[in-house]
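Source file: target_15.csv. Holds: CSV, C-alpha atoms.
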chain,number,residue,atom,x,y,z
M,1,MET,CA,-143.6,-32.6,-10.4
M,2,TYR,CA,-141.7,-35.9,-10.4
M,3,SER,CA,-143.2,-37.4,-7.3
M,4,ALA,CA,-145.6,-39.7,-9.3
M,5,LEU,CA,-142.6,-41.4,-10.9
M,6,THR,CA,-140.5,-41.6,-7.8
M,7,THR,CA,-143.4,-43.1,-5.9
M,8,HIS,CA,-143.9,-45.6,-8.7
M,9,ILE,CA,-140.2,-46.5,-8.7
M,10,ALA,CA,-140.2,-46.9,-4.9
M,11,LYS,CA,-142.6,-49.8,-5.3
M,12,PHE,CA,-139.8,-51.7,-7.0
M,13,VAL,CA,-136.4,-50.3,-5.9
M,14,SER,CA,-135.3,-47.8,-3.2
M,15,LEU,CA,-133.3,-44.7,-4.3
M,16,ASP,CA,-131.4,-42.5,-1.9
M,17,GLU,CA,-131.4,-38.7,-2.3
M,18,THR,CA,-128.4,-38.5,-4.6
M,19,GLU,CA,-129.8,-41.1,-6.9
M,20,THR,CA,-133.2,-39.4,-7.0
M,21,GLU,CA,-131.4,-36.2,-7.9
M,22,ILE,CA,-129.6,-37.9,-10.8
M,23,LEU,CA,-132.9,-39.4,-11.9
M,24,ARG,CA,-134.5,-36.0,-12.0
M,25,GLU,CA,-131.6,-34.5,-13.9
M,26,ASN,CA,-132.2,-37.0,-16.7
M,27,LEU,CA,-136.0,-36.5,-17.0
M,28,VAL,CA,-138.0,-34.0,-19.0
M,29,PHE,CA,-141.5,-32.9,-17.8
M,30,LEU,CA,-144.1,-32.3,-20.6
M,31,SER,CA,-147.6,-30.9,-20.7
M,32,VAL,CA,-149.4,-32.0,-23.8
M,33,LYS,CA,-152.8,-31.1,-25.1
M,34,LYS,CA,-155.4,-33.5,-26.1
M,35,LYS,CA,-154.8,-34.9,-29.6
M,36,GLU,CA,-151.2,-33.7,-29.6
M,37,ASN,CA,-148.8,-36.3,-31.1
M,38,LEU,CA,-145.7,-37.3,-29.2
M,39,LEU,CA,-144.5,-39.5,-32.0
M,40,GLU,CA,-145.6,-39.9,-35.6
M,41,ALA,CA,-145.1,-42.8,-38.0
M,42,GLY,CA,-141.8,-42.4,-39.9
M,43,GLN,CA,-140.1,-40.8,-36.9
M,44,THR,CA,-137.7,-42.6,-34.7
M,45,CYS,CA,-139.0,-43.0,-31.1
M,46,HIS,CA,-136.2,-41.5,-28.9
M,47,TYR,CA,-138.3,-41.4,-25.7
M,48,GLN,CA,-140.1,-43.5,-23.1
M,49,TYR,CA,-143.1,-41.6,-21.6
M,50,PHE,CA,-144.4,-42.0,-18.1
M,51,ILE,CA,-147.9,-40.8,-17.6
M,52,VAL,CA,-148.3,-38.6,-14.5
M,53,LYS,CA,-151.8,-37.4,-15.3
M,54,GLY,CA,-154.0,-38.0,-18.3
M,55,LEU,CA,-154.4,-40.7,-20.9
M,56,CYS,CA,-152.4,-41.4,-24.0
M,57,ARG,CA,-152.4,-44.1,-26.7
M,58,ASN,CA,-150.3,-45.8,-29.4
M,59,PHE,CA,-152.1,-46.1,-32.7
M,60,ILE,CA,-151.4,-47.0,-36.3
M,61,ILE,CA,-153.1,-45.8,-39.5
M,62,ASN,CA,-154.4,-48.9,-41.3
M,63,GLU,CA,-154.6,-49.5,-45.0
M,64,LYS,CA,-158.1,-48.0,-45.1
M,65,GLY,CA,-156.7,-44.8,-43.6
M,66,ASN,CA,-158.4,-45.4,-40.3
M,67,GLU,CA,-156.7,-45.0,-36.9
M,68,GLN,CA,-156.3,-48.2,-35.0
M,69,THR,CA,-155.5,-48.0,-31.4
M,70,THR,CA,-153.0,-50.7,-30.3
M,71,GLN,CA,-152.4,-49.6,-26.7
M,72,PHE,CA,-153.7,-47.2,-24.1
M,73,GLY,CA,-151.8,-45.8,-21.1
M,74,ILE,CA,-153.1,-44.0,-18.0
M,75,GLU,CA,-151.5,-42.8,-14.8
M,76,ASN,CA,-148.4,-44.7,-13.8
M,77,TRP,CA,-148.0,-46.5,-17.2
M,78,TRP,CA,-145.1,-46.1,-19.6
M,79,LEU,CA,-145.7,-45.8,-23.3
M,80,SER,CA,-143.1,-46.0,-26.1
M,81,ASP,CA,-142.4,-47.8,-29.4
M,82,TYR,CA,-139.8,-50.1,-27.8
M,83,LEU,CA,-138.4,-51.6,-31.0
M,84,SER,CA,-138.0,-48.2,-32.7
M,85,PHE,CA,-136.4,-47.0,-29.4
M,86,HIS,CA,-134.2,-50.1,-29.1
M,87,ASN,CA,-133.0,-50.2,-32.7
M,88,ASP,CA,-133.0,-46.4,-33.5
M,89,ARG,CA,-135.2,-47.2,-36.5
M,90,PRO,CA,-138.3,-45.3,-37.8
M,91,SER,CA,-141.5,-46.2,-36.0
M,92,GLY,CA,-144.8,-47.4,-37.6
M,93,PHE,CA,-146.7,-46.0,-34.6
M,94,TYR,CA,-148.2,-42.7,-33.4
M,95,ILE,CA,-148.2,-41.9,-29.7
M,96,GLN,CA,-150.9,-39.3,-28.9
M,97,ALA,CA,-152.5,-37.6,-25.9
M,98,VAL,CA,-156.1,-38.7,-25.7
M,99,GLU,CA,-156.7,-36.2,-22.8
M,100,ASN,CA,-154.6,-33.1,-21.8
M,101,SER,CA,-151.8,-35.0,-20.1
M,102,GLU,CA,-148.7,-34.4,-17.9
M,103,LEU,CA,-145.9,-36.7,-18.8
M,104,ILE,CA,-142.3,-37.5,-17.8
M,105,ALA,CA,-140.1,-38.3,-20.8
M,106,ILE,CA,-136.8,-40.0,-20.7
M,107,GLU,CA,-134.6,-39.7,-23.8
M,108,LYS,CA,-132.5,-42.7,-24.9
M,109,LYS,CA,-129.1,-41.2,-24.2
M,110,ALA,CA,-130.3,-39.7,-20.9
M,111,MET,CA,-131.6,-43.1,-20.0
M,112,GLU,CA,-128.2,-44.7,-20.6
M,113,THR,CA,-126.5,-41.9,-18.6
M,114,LEU,CA,-129.0,-42.5,-15.8
M,115,LEU,CA,-128.6,-46.3,-15.8
M,116,ALA,CA,-124.8,-46.0,-15.8
M,117,LYS,CA,-125.0,-43.8,-12.7
M,118,VAL,CA,-127.9,-45.5,-11.0
M,119,PRO,CA,-127.7,-49.2,-12.2
M,120,LYS,CA,-130.4,-50.2,-9.7
M,121,LEU,CA,-132.9,-48.6,-12.0
M,122,GLU,CA,-132.2,-51.4,-14.5
M,123,ARG,CA,-134.3,-53.5,-12.1
M,124,TYR,CA,-137.2,-51.0,-12.1
M,125,PHE,CA,-137.3,-50.8,-15.9
M,126,ARG,CA,-137.0,-54.6,-16.2
M,127,LEU,CA,-139.9,-55.2,-13.9
M,128,VAL,CA,-142.0,-52.6,-15.7
M,129,LEU,CA,-141.3,-54.2,-19.0
M,130,GLN,CA,-141.9,-57.7,-17.6
M,131,LYS,CA,-145.4,-56.6,-16.6
M,132,ALA,CA,-146.1,-54.7,-19.8
M,133,PHE,CA,-144.9,-57.6,-22.0
M,134,GLY,CA,-147.0,-60.0,-19.9
M,135,ALA,CA,-150.0,-57.8,-20.4
M,136,SER,CA,-149.3,-57.7,-24.1
M,137,GLN,CA,-149.2,-61.5,-24.2
M,138,ILE,CA,-152.7,-61.6,-22.6
M,139,ARG,CA,-153.9,-59.0,-25.1
M,140,ILE,CA,-152.9,-61.2,-28.0
M,141,LYS,CA,-154.7,-64.1,-26.3
M,142,TYR,CA,-157.9,-62.2,-25.9
M,143,LEU,CA,-157.8,-60.9,-29.5
M,144,PHE,CA,-157.6,-64.6,-30.6
M,145,THR,CA,-160.1,-66.1,-28.3
M,146,GLN,CA,-162.8,-63.7,-27.2
M,147,SER,CA,-165.8,-62.5,-29.3
M,148,ALA,CA,-166.1,-58.8,-29.7
M,149,GLU,CA,-168.8,-58.8,-27.0
M,150,GLU,CA,-166.7,-60.8,-24.6
M,151,ARG,CA,-163.8,-58.4,-25.2
M,152,TYR,CA,-165.9,-55.4,-24.4
M,153,ARG,CA,-167.5,-57.0,-21.3
M,154,HIS,CA,-164.0,-58.2,-20.1
M,155,PHE,CA,-162.4,-54.8,-20.7
M,156,SER,CA,-165.2,-52.8,-19.2
M,157,THR,CA,-165.1,-55.0,-16.0
M,158,SER,CA,-161.3,-55.0,-15.8
M,159,PHE,CA,-160.8,-51.3,-16.6
M,160,PRO,CA,-164.1,-49.5,-15.9
M,161,GLU,CA,-162.2,-46.1,-15.8
M,162,PHE,CA,-161.1,-46.5,-19.4
M,163,VAL,CA,-164.6,-47.0,-20.7
M,164,GLN,CA,-165.6,-43.7,-19.1
M,165,ARG,CA,-162.5,-41.8,-20.3
M,166,VAL,CA,-161.9,-43.1,-23.8
M,167,PRO,CA,-163.9,-42.0,-26.9
M,168,GLN,CA,-166.0,-44.9,-28.1
M,169,TYR,CA,-164.5,-45.1,-31.6
M,170,MET,CA,-161.0,-45.5,-30.1
M,171,LEU,CA,-162.1,-48.2,-27.7
M,172,ALA,CA,-163.9,-50.0,-30.6
M,173,SER,CA,-160.6,-50.0,-32.7
M,174,TYR,CA,-158.6,-51.2,-29.7
M,175,LEU,CA,-161.0,-54.1,-29.1
M,176,ASP,CA,-161.1,-54.7,-32.9
M,177,PHE,CA,-164.7,-54.1,-33.6
M,178,SER,CA,-166.8,-51.5,-35.5
M,179,PRO,CA,-168.1,-48.3,-33.9
M,180,GLU,CA,-171.6,-49.5,-34.9
M,181,PHE,CA,-171.1,-52.7,-32.9
M,182,MET,CA,-169.9,-50.6,-30.0
M,183,SER,CA,-173.0,-48.5,-30.1
M,184,LYS,CA,-175.2,-51.6,-30.1
M,185,ILE,CA,-173.3,-53.1,-27.1
M,186,ARG,CA,-173.6,-49.9,-25.1
M,187,ALA,CA,-177.3,-49.7,-26.0
M,188,GLY,CA,-177.7,-53.2,-24.7
M,189,LYS,CA,-178.8,-54.5,-28.1
M,190,VAL,CA,-176.2,-57.2,-28.3
Y,1,MET,CA,-123.8,-76.5,-22.1
Y,2,TYR,CA,-124.4,-73.0,-21.0
Y,3,SER,CA,-122.2,-71.3,-23.7
Y,4,ALA,CA,-125.1,-70.3,-25.9
Y,5,LEU,CA,-126.5,-68.2,-23.1
Y,6,THR,CA,-123.2,-66.8,-21.9
Y,7,THR,CA,-122.5,-65.8,-25.5
Y,8,HIS,CA,-125.9,-64.1,-25.8
Y,9,ILE,CA,-125.4,-62.3,-22.5
Y,10,ALA,CA,-122.0,-61.1,-23.6
Y,11,LYS,CA,-123.7,-59.1,-26.4
Y,12,PHE,CA,-125.3,-57.0,-23.7
Y,13,VAL,CA,-123.2,-57.1,-20.5
Y,14,SER,CA,-119.8,-58.4,-19.6
Y,15,LEU,CA,-119.5,-61.0,-16.8
Y,16,ASP,CA,-116.3,-62.0,-15.1
Y,17,GLU,CA,-115.6,-65.6,-14.2
Y,18,THR,CA,-117.1,-65.5,-10.7
Y,19,GLU,CA,-120.3,-63.9,-12.0
Y,20,THR,CA,-120.5,-66.5,-14.8
Y,21,GLU,CA,-120.2,-69.2,-12.2
Y,22,ILE,CA,-123.0,-67.7,-10.1
Y,23,LEU,CA,-125.1,-67.5,-13.2
Y,24,ARG,CA,-124.5,-71.2,-13.9
Y,25,GLU,CA,-125.4,-72.3,-10.4
Y,26,ASN,CA,-128.8,-70.7,-10.8
Y,27,LEU,CA,-129.7,-72.3,-14.2
Y,28,VAL,CA,-131.2,-75.7,-15.0
Y,29,PHE,CA,-130.4,-77.4,-18.3
Y,30,LEU,CA,-133.4,-79.2,-19.9
Y,31,SER,CA,-133.7,-81.6,-22.9
Y,32,VAL,CA,-137.3,-81.8,-24.0
Y,33,LYS,CA,-138.9,-84.0,-26.6
Y,34,LYS,CA,-141.1,-82.6,-29.4
Y,35,LYS,CA,-144.6,-82.0,-28.2
Y,36,GLU,CA,-143.6,-82.0,-24.6
Y,37,ASN,CA,-145.3,-79.3,-22.6
Y,38,LEU,CA,-143.2,-77.1,-20.3
Y,39,LEU,CA,-146.3,-75.3,-19.0
Y,40,GLU,CA,-150.0,-76.0,-19.2
Y,41,ALA,CA,-152.9,-73.7,-18.8
Y,42,GLY,CA,-153.9,-73.5,-15.1
Y,43,GLN,CA,-150.4,-73.9,-13.9
Y,44,THR,CA,-148.3,-71.0,-12.6
Y,45,CYS,CA,-145.3,-70.2,-14.8
Y,46,HIS,CA,-142.3,-70.3,-12.5
Y,47,TYR,CA,-139.7,-70.3,-15.3
Y,48,GLN,CA,-138.2,-68.3,-18.1
Y,49,TYR,CA,-136.8,-70.5,-20.8
Y,50,PHE,CA,-133.8,-69.8,-23.0
Y,51,ILE,CA,-133.7,-71.8,-26.2
Y,52,VAL,CA,-130.2,-73.3,-26.8
Y,53,LYS,CA,-131.3,-75.5,-29.7
Y,54,GLY,CA,-134.7,-76.3,-31.1
Y,55,LEU,CA,-138.0,-74.5,-31.4
Y,56,CYS,CA,-140.8,-73.9,-28.9
Y,57,ARG,CA,-144.0,-72.0,-28.8
Y,58,ASN,CA,-146.6,-70.5,-26.6
Y,59,PHE,CA,-150.2,-71.5,-27.4
Y,60,ILE,CA,-153.7,-71.3,-26.1
Y,61,ILE,CA,-156.7,-73.5,-26.6
Y,62,ASN,CA,-159.5,-71.4,-28.0
Y,63,GLU,CA,-163.2,-71.7,-27.4
Y,64,LYS,CA,-163.5,-74.1,-30.3
Y,65,GLY,CA,-160.9,-76.4,-28.7
Y,66,ASN,CA,-158.3,-75.6,-31.3
Y,67,GLU,CA,-154.7,-74.8,-30.5
Y,68,GLN,CA,-153.8,-71.2,-31.3
Y,69,THR,CA,-150.1,-70.4,-31.4
Y,70,THR,CA,-149.4,-66.9,-30.0
Y,71,GLN,CA,-145.6,-66.9,-30.0
Y,72,PHE,CA,-142.7,-68.9,-31.4
Y,73,GLY,CA,-139.1,-69.0,-30.1
Y,74,ILE,CA,-136.0,-70.4,-31.7
Y,75,GLU,CA,-132.3,-70.4,-30.7
Y,76,ASN,CA,-131.3,-67.4,-28.5
Y,77,TRP,CA,-134.9,-66.4,-27.6
Y,78,TRP,CA,-136.5,-66.5,-24.2
Y,79,LEU,CA,-140.1,-67.8,-23.7
Y,80,SER,CA,-142.3,-67.5,-20.7
Y,81,ASP,CA,-145.7,-66.3,-19.6
Y,82,TYR,CA,-144.4,-63.1,-18.1
Y,83,LEU,CA,-147.6,-62.1,-16.3
Y,84,SER,CA,-148.1,-65.5,-14.7
Y,85,PHE,CA,-144.4,-65.4,-13.8
Y,86,HIS,CA,-144.5,-61.9,-12.4
Y,87,ASN,CA,-147.7,-62.2,-10.4
Y,88,ASP,CA,-147.4,-65.9,-9.4
Y,89,ARG,CA,-150.9,-66.5,-10.9
Y,90,PRO,CA,-152.1,-69.4,-13.0
Y,91,SER,CA,-151.4,-69.1,-16.7
Y,92,GLY,CA,-153.8,-69.3,-19.6
Y,93,PHE,CA,-151.0,-70.5,-21.9
Y,94,TYR,CA,-149.2,-73.6,-22.8
Y,95,ILE,CA,-145.4,-73.6,-23.6
Y,96,GLN,CA,-144.5,-76.5,-25.8
Y,97,ALA,CA,-141.5,-77.9,-27.6
Y,98,VAL,CA,-142.2,-77.9,-31.4
Y,99,GLU,CA,-138.9,-79.7,-32.1
Y,100,ASN,CA,-136.7,-81.8,-29.7
Y,101,SER,CA,-135.1,-78.9,-27.9
Y,102,GLU,CA,-132.3,-78.0,-25.4
Y,103,LEU,CA,-133.3,-75.3,-23.0
Y,104,ILE,CA,-131.9,-73.4,-20.1
Y,105,ALA,CA,-134.5,-72.6,-17.5
Y,106,ILE,CA,-134.3,-70.1,-14.8
Y,107,GLU,CA,-136.7,-70.4,-11.9
Y,108,LYS,CA,-138.2,-67.3,-10.3
Y,109,LYS,CA,-136.5,-67.5,-6.9
Y,110,ALA,CA,-133.2,-68.6,-8.5
Y,111,MET,CA,-133.5,-65.5,-10.8
Y,112,GLU,CA,-133.9,-63.3,-7.7
Y,113,THR,CA,-130.9,-64.9,-6.0
Y,114,LEU,CA,-128.9,-64.5,-9.2
Y,115,LEU,CA,-129.9,-60.8,-9.7
Y,116,ALA,CA,-129.2,-60.0,-6.1
Y,117,LYS,CA,-125.6,-61.4,-6.5
Y,118,VAL,CA,-125.1,-60.2,-10.1
Y,119,PRO,CA,-127.2,-57.1,-10.5
Y,120,LYS,CA,-125.7,-56.3,-13.9
Y,121,LEU,CA,-127.8,-59.1,-15.3
Y,122,GLU,CA,-130.8,-56.8,-14.6
Y,123,ARG,CA,-129.6,-54.9,-17.7
Y,124,TYR,CA,-129.4,-58.0,-19.8
Y,125,PHE,CA,-133.0,-59.1,-18.9
Y,126,ARG,CA,-134.2,-55.5,-19.3
Y,127,LEU,CA,-132.8,-55.3,-22.9
Y,128,VAL,CA,-134.1,-58.7,-23.8
Y,129,LEU,CA,-137.6,-57.7,-22.6
Y,130,GLN,CA,-137.4,-54.4,-24.4
Y,131,LYS,CA,-136.8,-56.1,-27.7
Y,132,ALA,CA,-139.4,-58.8,-27.0
Y,133,PHE,CA,-142.0,-56.3,-26.0
Y,134,GLY,CA,-141.2,-54.2,-29.1
Y,135,ALA,CA,-141.6,-57.2,-31.3
Y,136,SER,CA,-144.9,-57.9,-29.7
Y,137,GLN,CA,-146.1,-54.3,-30.4
Y,138,ILE,CA,-145.2,-54.9,-34.1
Y,139,ARG,CA,-147.0,-58.2,-34.1
Y,140,ILE,CA,-150.2,-56.5,-32.9
Y,141,LYS,CA,-149.7,-53.9,-35.6
Y,142,TYR,CA,-149.5,-56.6,-38.3
Y,143,LEU,CA,-152.5,-58.5,-37.0
Y,144,PHE,CA,-154.5,-55.3,-37.3
Y,145,THR,CA,-153.2,-54.1,-40.6
Y,146,GLN,CA,-152.1,-56.9,-42.9
Y,147,SER,CA,-154.2,-59.2,-44.9
Y,148,ALA,CA,-153.6,-63.0,-44.3
Y,149,GLU,CA,-151.6,-63.1,-47.5
Y,150,GLU,CA,-149.5,-60.1,-46.6
Y,151,ARG,CA,-148.8,-61.6,-43.2
Y,152,TYR,CA,-147.6,-64.8,-44.7
Y,153,ARG,CA,-145.4,-63.0,-47.3
Y,154,HIS,CA,-144.0,-60.7,-44.7
Y,155,PHE,CA,-143.4,-63.5,-42.2
Y,156,SER,CA,-141.8,-65.9,-44.8
Y,157,THR,CA,-139.5,-63.1,-46.0
Y,158,SER,CA,-138.5,-62.0,-42.5
Y,159,PHE,CA,-138.2,-65.4,-41.0
Y,160,PRO,CA,-137.6,-67.9,-43.8
Y,161,GLU,CA,-136.2,-70.5,-41.4
Y,162,PHE,CA,-139.5,-70.6,-39.4
Y,163,VAL,CA,-141.5,-71.5,-42.5
Y,164,GLN,CA,-139.3,-74.5,-43.1
Y,165,ARG,CA,-139.3,-75.7,-39.5
Y,166,VAL,CA,-142.8,-75.1,-38.3
Y,167,PRO,CA,-145.8,-77.3,-39.2
Y,168,GLN,CA,-148.2,-75.5,-41.5
Y,169,TYR,CA,-151.2,-75.6,-39.1
Y,170,MET,CA,-149.2,-73.9,-36.4
Y,171,LEU,CA,-148.0,-71.2,-38.6
Y,172,ALA,CA,-151.5,-70.7,-39.9
Y,173,SER,CA,-152.9,-70.3,-36.4
Y,174,TYR,CA,-150.0,-67.9,-35.5
Y,175,LEU,CA,-150.8,-65.8,-38.5
Y,176,ASP,CA,-154.5,-66.1,-37.8
Y,177,PHE,CA,-155.8,-67.8,-40.9
Y,178,SER,CA,-157.1,-71.2,-41.7
Y,179,PRO,CA,-154.9,-74.2,-42.7
Y,180,GLU,CA,-156.9,-74.3,-45.9
Y,181,PHE,CA,-155.9,-70.8,-46.8
Y,182,MET,CA,-152.3,-71.7,-45.9
Y,183,SER,CA,-152.4,-74.6,-48.3
Y,184,LYS,CA,-153.7,-72.3,-51.1
Y,185,ILE,CA,-150.9,-69.8,-50.4
Y,186,ARG,CA,-148.2,-72.4,-50.5
Y,187,ALA,CA,-149.7,-73.8,-53.7
Y,188,GLY,CA,-149.5,-70.3,-55.2
Y,189,LYS,CA,-153.3,-70.2,-55.6
Y,190,VAL,CA,-153.8,-67.0,-53.8
Exercise: express the given structure as structure tokens:
Amino acid sequence: MYSALTTHIAKFVSLDETETEILRENLVFLSVKKKENLLEAGQTCHYQYFIVKGLCRNFIINEKGNEQTTQFGIENWWLSDYLSFHNDRPSGFYIQAVENSELIAIEKKAMETLLAKVPKLERYFRLVLQKAFGASQIRIKYLFTQSAEERYRHFSTSFPEFVQRVPQYMLASYLDFSPEFMSKIRAGKV
Amino acid sequence: MYSALTTHIAKFVSLDETETEILRENLVFLSVKKKENLLEAGQTCHYQYFIVKGLCRNFIINEKGNEQTTQFGIENWWLSDYLSFHNDRPSGFYIQAVENSELIAIEKKAMETLLAKVPKLERYFRLVLQKAFGASQIRIKYLFTQSAEERYRHFSTSFPEFVQRVPQYMLASYLDFSPEFMSKIRAGKV
């Protein structure tokens, strides 16, 4: 049940049996249905979620009342609203299962307990955040520099699996163009 | 010389004298002139920079050949291209001093040496990254949801010091609107 996470951790740091046991004691396993919200705007985000199986996303509701996807996560990715989590303040984000998903959640206090007992996991979470933040820097770069078509071509080449698994309207909002433009691109009309 | 950083670290973890000494041995102090580049697109980013005094930014050059600021950093902030740093791959970013600045740089191998000897600094860097990534999530949210005017009002209320210190054209590119629109806003014409 927890092997996807322990395998992922083993890429960064090596835990012995006792440490792995302490890790497991501080995790919660969740099965969530498609479209189920793990977090809603206005709530404080108390968890970081590791995706064992499935696909989830962070989204916001914009001023027109439309959902705007800001981040996707698939297997072996973590999702959270890190500022809400860090500051214990209400979030402006939703976190939602896009597919039926299996997740491992770690609650903030449990994480502190875990890290006090197994400090080498600080390294794991640092490296995960370093990669995620780096990816987010690149995302801002692409939003500023690529045309809608370039963003789609780049994304579909880099992450072909996503394009198959994610509803078109969600991908369109993530790449910041209209569903109509997405339909044209997919029909080869752009 | 290193007291700004040790004070910042002390907010997150407590280092003894020996640990502080090891920290210092692995840092480099830099004075950079306004407009000096610490990193240029095409180079691999081998450093993370802590700003002791001054103001720096990450920027890209877009397809029109214009500079587009993606991130600012002032005193007590870290700047880097984290994905280039993490993966040892060429960066698409520039890192540049906006004001004459005093920085503390940590090189990737020195950082690994330091963290091996003082593992509790893993926690410091994890928490710094958690806040920075959280701030980046919020930035993407604002880029998607706020009008140019709202972004300016929000930014100037949240970070009044920036608006005083940063050239208008840089702030305009950071907030993703034209310098002309910025002039109108500041003249109260919008």
Within 10 Å of Ile9 of chain Y, counting all atoms listed in the file, which residues qualify if same-chain residues fewer than 3 places away don't, as a list in words?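 The residues that qualify are Ser3, Ala4, Leu5, Thr6, Phe12, Val13, Ser14, Leu15, Asn76, Leu121, Arg123, Tyr124, Phe125 and Val128 of chain Y.
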Near chain M, meaning an atom within 10 Å, which residues of chain Y appear when counting all atoms listed in the file? Write them as a PyMOL selection string. chain Y and resi 58-64+68-71+80-87+91-93+115+119-147+173-174+176
Using only C-alpha atoms, can you list as a count of residues only the residues within 9 Å of (-145.3, -34.6, -16.8)? 17
For atom CA of Arg151 of chain M and atom CA of Leu175 of chain Y, determine how far apart the two atoms are, in Å to one decimal place.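 Atom CA of Leu175 of chain Y lies at a distance of 20.0 Å from atom CA of Arg151 of chain M.
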Test item: residues at most 8 Å from Gly73 of chain Y, all atoms listed in the file, excluding those fewer than 6 positions along its chain, as JSON, numbers by chain: {"Y": [51, 55, 56, 57, 79]}
Please measure the separation of atom CA of Lys108 of chain Y and atom CA of His46 of chain Y, giving the value in Å to one decimal.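 Taking atom CA of Lys108 of chain Y and atom CA of His46 of chain Y, their separation equals 5.5 Å.
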Between Y:Asp16, Y:Glu99, Y:Glu75, Y:Glu21, smallest distance to Arg165 of chain Y by all atoms listed in the file belongs to Y:Glu99
What separates atom CA of Pro90 of chain M and atom CA of His154 of chain Y is a distance of 17.8 Å
Compile the contact shell of Ile22 of chain M as a PyMOL selection string: residues with an atom at most 9 Å away, counting only C-alpha atoms, same-chain residues fewer than 6 positions apart removed. chain M and resi 114+117-118
Between Y:Tyr47, Y:Lys189, Y:Thr20, Y:Glu40, which one has atoms that come closest to Glu112 of chain Y, using only C-alpha atoms?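 Counting only C-alpha atoms, the residue closest to Glu112 of chain Y is Y:Tyr47.
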